[in-house]
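This is run-v5.txt (compact mmCIF, C-alpha atoms).
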```txt
# COMPACT_ATOMS: atom_id res chain seq x y z
CA MET A 1 -49.88 42.64 101.82
CA ALA A 2 -48.38 39.55 103.48
CA GLU A 3 -50.56 36.44 103.55
CA LEU A 4 -51.90 35.62 107.00
CA ASP A 5 -50.45 32.44 108.52
CA PHE A 6 -52.99 30.63 110.69
CA ILE A 7 -52.20 28.70 113.86
CA ASP A 8 -53.78 25.23 113.89
CA ILE A 9 -54.57 23.06 116.88
CA ALA A 10 -54.43 19.28 116.63
CA ILE A 11 -55.58 16.67 119.14
CA ALA A 12 -54.43 13.08 119.50
CA PRO A 13 -57.59 10.95 119.93
CA PRO A 14 -57.76 9.60 123.51
CA ASP A 15 -57.75 5.87 124.19
CA VAL A 16 -61.08 6.14 126.02
CA LEU A 17 -63.75 8.50 124.71
CA ASP A 18 -66.67 9.21 127.02
CA ALA A 19 -69.49 11.74 126.85
CA SER A 20 -68.08 13.88 129.64
CA LEU A 21 -64.75 14.32 127.86
CA VAL A 22 -66.47 15.17 124.57
CA GLU A 23 -68.52 17.86 126.31
CA LYS A 24 -65.46 19.41 127.93
CA VAL A 25 -63.44 19.45 124.69
CA ALA A 26 -66.40 20.85 122.73
CA ALA A 27 -66.71 23.70 125.22
CA ILE A 28 -62.99 24.53 124.98
CA ILE A 29 -62.78 24.54 121.18
CA ASN A 30 -66.30 25.98 120.77
CA LYS A 31 -67.64 23.20 118.53
CA ASP A 32 -70.85 21.15 118.65
CA LEU A 33 -70.84 17.74 120.34
CA TYR A 34 -71.37 15.71 117.16
CA ARG A 35 -68.45 17.28 115.30
CA THR A 36 -66.22 17.10 118.36
CA ARG A 37 -66.91 13.39 118.81
CA LEU A 38 -65.97 12.74 115.17
CA GLN A 39 -62.73 14.67 115.59
CA LEU A 40 -61.83 12.72 118.71
CA ALA A 41 -62.41 9.35 117.03
CA GLY A 42 -59.86 7.40 115.05
CA LYS A 43 -56.18 6.81 115.70
CA ILE A 44 -54.34 9.69 114.03
CA PRO A 45 -54.04 13.25 115.40
CA ARG A 46 -56.81 15.46 114.02
CA ILE A 47 -56.89 19.17 113.23
CA VAL A 48 -59.70 20.55 115.40
CA ALA A 49 -59.38 24.34 115.31
CA ARG A 50 -57.63 27.27 113.62
CA TYR A 51 -56.81 30.70 115.00
CA GLN A 52 -55.08 33.89 113.93
CA ASN A 53 -53.72 34.61 117.39
CA ALA A 54 -50.96 32.33 118.73
CA GLU A 55 -51.59 33.32 122.35
CA VAL A 56 -55.26 32.33 122.11
CA ALA A 57 -54.31 29.01 120.51
CA GLU A 58 -51.68 28.31 123.18
CA ALA A 59 -54.19 28.98 125.97
CA ILE A 60 -56.64 26.51 124.41
CA VAL A 61 -53.91 23.87 124.08
CA GLN A 62 -53.08 24.26 127.77
CA SER A 63 -56.75 23.76 128.67
CA LEU A 64 -56.89 20.61 126.54
CA ASN A 65 -53.67 19.27 128.05
CA ALA A 66 -55.19 19.80 131.51
CA LEU A 67 -57.88 17.26 130.52
CA GLY A 68 -55.17 14.67 129.88
CA ILE A 69 -55.36 15.12 126.09
CA VAL A 70 -52.24 15.54 123.97
CA ALA A 71 -52.88 18.73 121.98
CA PHE A 72 -50.38 20.87 120.12
CA ILE A 73 -50.14 23.89 117.83
CA TYR A 74 -48.23 24.60 114.64
CA LYS A 75 -48.26 27.03 111.76
CA ASP A 76 -50.63 25.94 109.01
CA SER A 77 -48.07 26.87 106.35
CA GLU A 78 -45.54 24.47 107.89
CA LEU A 79 -47.97 21.58 107.80
CA HIS A 80 -48.94 22.12 104.15
CA LYS A 81 -45.61 23.15 102.66
CA PRO A 82 -44.32 21.04 99.74
CA SER A 83 -42.06 18.16 100.70
CA ALA A 84 -38.36 18.78 100.26
CA GLY A 85 -36.21 16.40 98.26
CA ARG A 86 -35.62 13.41 100.51
CA PHE A 87 -33.00 10.69 100.74
CA ARG A 88 -34.57 7.48 99.46
CA ALA A 89 -32.41 4.63 100.63
CA HIS A 90 -31.78 1.63 98.39
CA SER A 91 -29.60 -0.33 100.84
CA LEU A 92 -28.21 -0.11 104.37
CA LYS A 93 -25.55 -1.47 106.66
CA ARG A 94 -25.70 -1.68 110.45
CA GLU A 95 -22.48 -0.81 112.23
CA GLU A 96 -21.48 -0.20 115.82
CA GLY A 97 -23.38 2.89 116.98
CA LYS A 98 -24.72 3.88 113.56
CA VAL A 99 -26.53 2.83 110.39
CA THR A 100 -25.26 3.82 106.94
CA PHE A 101 -27.66 4.17 104.01
CA TRP A 102 -27.02 4.37 100.26
CA ASP A 103 -29.41 5.53 97.55
CA ASN A 104 -29.52 4.13 94.00
CA ARG A 105 -26.82 6.62 92.93
CA SER A 106 -24.46 5.33 95.65
CA MET A 107 -24.82 8.54 97.66
CA GLU A 108 -24.24 7.83 101.35
CA ARG A 109 -25.83 9.04 104.59
CA SER A 110 -25.11 7.82 108.12
CA LEU A 111 -27.23 8.23 111.26
CA GLN A 112 -25.84 7.73 114.74
CA THR A 113 -27.79 5.70 117.29
CA GLU A 114 -28.95 8.85 119.10
CA ASP A 115 -29.85 10.80 115.95
CA VAL A 116 -33.23 9.25 115.17
CA PHE A 117 -36.27 10.62 116.99
CA LEU A 118 -39.04 8.66 115.24
CA VAL A 119 -39.30 5.51 113.12
CA LEU A 120 -42.56 5.73 111.17
CA GLN A 121 -43.95 2.82 109.18
CA GLY A 122 -46.93 3.46 106.94
CA THR A 123 -49.00 2.54 103.93
CA VAL A 124 -50.66 4.75 101.38
CA GLN A 125 -53.06 3.89 98.58
CA THR A 126 -52.80 5.99 95.43
CA ASN A 127 -54.68 5.95 92.14
CA ILE A 128 -52.54 5.16 89.09
CA GLU A 129 -54.08 6.32 85.82
CA SER A 130 -53.30 4.68 82.49
CA GLU A 131 -54.74 4.84 79.00
CA SER A 132 -55.56 1.97 76.66
CA THR A 133 -57.30 1.48 73.33
CA GLU A 134 -60.41 -0.67 73.07
CA THR A 135 -62.33 -1.76 70.00
CA ARG A 136 -66.13 -1.83 70.08
CA MET A 137 -68.88 -2.18 67.50
CA LYS A 138 -70.91 0.93 66.68
CA PHE A 139 -74.15 1.09 64.69
CA SER A 140 -73.73 2.94 61.36
CA LEU A 141 -76.94 4.69 60.31
CA PRO A 142 -75.65 6.03 56.91
CA ARG A 143 -74.47 2.59 55.76
CA THR A 144 -77.68 1.00 57.01
CA ILE A 145 -79.72 3.43 54.86
CA LEU A 146 -77.47 2.84 51.82
CA ILE A 147 -78.11 -0.90 51.78
CA GLY A 148 -81.84 -0.60 52.29
CA GLY A 149 -82.29 -0.85 56.03
CA LEU A 150 -80.24 -3.91 56.95
CA PRO A 151 -78.37 -2.97 60.18
CA VAL A 152 -74.68 -2.33 59.60
CA TRP A 153 -72.09 -2.21 62.37
CA ARG A 154 -68.53 -0.99 62.18
CA ALA A 155 -65.48 -1.41 64.42
CA VAL A 156 -64.45 1.76 66.29
CA LYS A 157 -61.29 2.21 68.34
CA GLU A 158 -61.64 4.37 71.44
CA LYS A 159 -59.18 5.49 74.10
CA VAL A 160 -60.18 4.43 77.60
CA LYS A 161 -58.81 5.73 80.89
CA ASN A 162 -58.10 3.06 83.50
CA VAL A 163 -57.58 3.68 87.22
CA ALA A 164 -55.76 1.12 89.36
CA VAL A 165 -55.22 1.36 93.12
CA GLN A 166 -51.57 0.95 94.10
CA THR A 167 -50.54 0.22 97.67
CA VAL A 168 -47.17 1.65 98.70
CA CYS A 169 -45.57 0.74 102.05
CA PHE A 170 -42.74 2.78 103.49
CA ILE A 171 -40.49 3.48 106.46
CA ARG A 172 -39.42 7.02 107.36
CA LEU A 173 -36.75 8.03 109.84
CA TYR A 174 -37.01 11.45 111.50
CA GLU A 175 -34.51 13.45 113.46
CA ARG A 176 -35.77 15.65 116.26
CA ALA A 177 -35.09 18.99 114.54
CA SER A 178 -37.23 18.52 111.40
CA MET A 179 -40.62 17.16 110.41
CA GLU A 180 -39.10 16.17 107.07
CA PRO A 181 -37.80 12.57 107.10
CA SER A 182 -34.03 12.11 106.98
CA ILE A 183 -34.41 8.69 105.34
CA GLU A 184 -37.23 7.06 103.40
CA ILE A 185 -37.41 3.38 102.45
CA LEU A 186 -39.99 2.20 99.89
CA GLN A 187 -41.16 -1.40 99.96
CA LYS A 188 -40.46 -2.27 96.32
CA ASN A 189 -37.34 -0.17 95.83
CA PHE A 190 -34.95 -1.54 98.45
CA ASN A 191 -32.22 -4.17 98.66
CA TYR A 192 -33.06 -6.40 101.64
CA SER A 193 -29.94 -8.55 101.40
CA PHE A 194 -28.65 -7.07 104.68
CA LEU A 195 -31.31 -9.18 106.43
CA GLY A 196 -29.35 -12.32 105.60
CA GLN A 197 -31.27 -15.46 106.57
CA LYS A 198 -34.22 -13.32 107.73
CA MET A 199 -34.92 -12.24 104.13
CA THR A 200 -37.98 -13.84 102.50
CA SER A 201 -39.59 -13.75 99.07
CA SER A 202 -42.16 -11.21 100.33
CA SER A 203 -41.13 -7.55 100.10
CA LEU A 204 -43.83 -6.65 102.64
CA GLN A 205 -42.44 -9.10 105.20
CA ASN A 206 -38.93 -7.85 104.43
CA LEU A 207 -40.02 -4.26 105.03
CA SER A 208 -41.48 -5.20 108.41
CA ALA A 209 -38.25 -7.03 109.29
CA THR A 210 -36.31 -3.92 108.25
CA ALA A 211 -38.49 -1.79 110.54
CA ALA A 212 -37.68 -4.19 113.41
CA GLU A 213 -33.96 -3.90 112.65
CA LEU A 214 -34.18 -0.10 112.67
CA ARG A 215 -36.08 -0.10 115.96
CA ASP A 216 -33.28 -2.18 117.41
CA ALA A 217 -30.61 0.07 115.87
CA PHE A 218 -32.25 3.25 117.22
CA PRO A 219 -33.59 2.20 120.66
CA GLN A 220 -34.20 5.78 121.80
CA ALA A 221 -36.54 6.52 118.89
CA ALA A 222 -40.32 6.30 119.10
CA PHE A 223 -41.93 3.79 116.76
CA ASP A 224 -45.31 4.33 115.11
CA ASP A 225 -47.13 2.10 112.62
CA ARG A 226 -50.65 3.55 112.80
CA LEU A 227 -50.53 4.45 109.12
CA THR A 228 -50.16 0.80 108.15
CA LYS A 229 -53.66 0.13 109.45
CA SER A 230 -55.57 3.22 108.34
CA PHE A 231 -53.83 3.99 105.04
CA GLY A 232 -53.72 7.54 106.31
CA GLU A 233 -57.05 8.99 107.37
CA SER A 234 -58.17 11.49 104.76
CA ILE A 235 -57.64 15.21 105.19
CA PRO A 236 -60.45 17.51 103.93
CA PHE A 237 -59.64 19.13 100.56
CA ALA A 238 -56.36 17.19 100.29
CA SER A 239 -55.34 14.59 97.71
CA PRO A 240 -54.35 11.08 98.95
CA ASP A 241 -50.66 11.94 98.51
CA ASP A 242 -51.08 15.21 100.42
CA SER A 243 -53.08 13.43 103.13
CA ILE A 244 -50.29 10.96 103.86
CA GLU A 245 -47.72 13.76 104.07
CA ILE A 246 -49.90 15.78 106.44
CA ASN A 247 -50.64 12.73 108.59
CA CYS A 248 -46.94 11.90 108.84
CA ARG A 249 -46.22 15.46 109.96
CA LEU A 250 -49.05 15.37 112.50
CA ILE A 251 -47.69 12.14 113.98
CA TYR A 252 -44.21 13.68 114.15
CA LEU A 253 -45.62 16.77 115.89
CA TYR A 254 -47.54 14.51 118.27
CA TYR A 255 -44.32 12.87 119.46
CA GLN A 256 -42.70 16.28 119.77
CA ALA A 257 -45.60 17.33 122.01
CA VAL A 258 -45.42 14.13 124.06
CA SER A 259 -41.69 14.69 124.53
CA SER A 260 -42.32 18.28 125.68
CA LEU A 261 -45.06 17.21 128.09
CA GLY A 262 -42.78 14.57 129.58
```

Since I need it in another form, could you write the structure as structure tokens?
Amino acid sequence: MAELDFIDIAIAPPDVLDASLVEKVAAIINKDLYRTRLQLAGKIPRIVARYQNAEVAEAIVQSLNALGIVAFIYKDSELHKPSAGRFRAHSLKREEGKVTFWDNRSMERSLQTEDVFLVLQGTVQTNIESESTETRMKFSLPRTILIGGLPVWRAVKEKVKNVAVQTVCFIRLYERASMEPSIEILQKNFNYSFLGQKMTSSSLQNLSATAAELRDAFPQAAFDDRLTKSFGESIPFASPDDSIEINCRLIYLYYQAVSSLG
């Protein structure tokens, strides 16, 4: 028996959230006021409902759009599918009408000025686990008894797990036809020499300058940096890495919906 693929509805939180709007949305999606208000808060599109019937979901989206809210549908399997292998750029060169990227294996990919639909800049925090050995003193009861009750301590080596929070900043370029990024640039794995005199000693500043260059190179593309401020709002039952992927896809789908709505 084939697995059922649900249809999800997402809403982009409105700029102004008043009680009247919350009541209307709650009535449409059949949720209580408290939960609806939480789902309409924040900056990133939120998943608010799930249905088995695409026609029912589409009708609800149309009702939400009529309120002035950007709502859209998608297949749940598409949102949660594993990320495909992506082109991680190590350097770039701006040319007339296009930008050419190279990865660390010297593989090349070029994007024309009109190819890029969305420039997305974001930040994600991930937990990096490591293991170390520490020495501590442990009380030895047998040895203490052997020498007549004088406390004896011995050195014991133990393995300890350490968790460090790593912040990773990135830029992703999307073409209109796919929610998978065509190009990804990671803050600490990129050659910023193309910036020339604009290059600084800070990789974070250099990444922001690179984002500005790409916005200028692809003037028709939307630009979004919401994920630099929120670190990617968490998704229920998703790991931090999965959350950032889902949030990137939701933002991409949001701009697709905005484009469709005109």

May I ask which of the residues A:Leu64, A:Cys248, A:Leu150, A:Val124 is the closest one to Val165 of chain A, counting only C-alpha atoms? A:Val124

Across A:Thr135, A:Ser130, A:Asp216, A:Ile29, the smallest distance to Ala164 of chain A, with only C-alpha atoms counted, is shown by A:Ser130

What gap, in Å, lies between atom CA of Ser110 of chain A and atom CA of Glu96 of chain A?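 Separating atom CA of Ser110 of chain A from atom CA of Glu96 of chain A is a distance of 11.7 Å.
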
Which of A:Val22, A:Met179, A:Val61, A:Val163 sits closest to Ala84 of chain A [using only C-alpha atoms]: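 Smallest separation from Ala84 of chain A among the options: A:Met179.
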
Kindly provide, as number ranges by chain, the polymer residues lying within 12 Å of (-64.2, 17.6, 112.5), counting only C-alpha atoms and using the coordinates exactly as they appear in the file. A: 9-11, 13, 26, 29-42, 45-50, 234-236

Any idea what the distance is between atom CA of Glu175 of chain A and atom CA of Ala54 of chain A?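 It comes out at 25.6 Å.
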
Which residue, A:Phe218, A:Phe139, A:Phe6, A:Phe223, has the smallest gap to Ile171 of chain A when you use only C-alpha atoms?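 Closest residue, counting only C-alpha atoms: A:Phe223.
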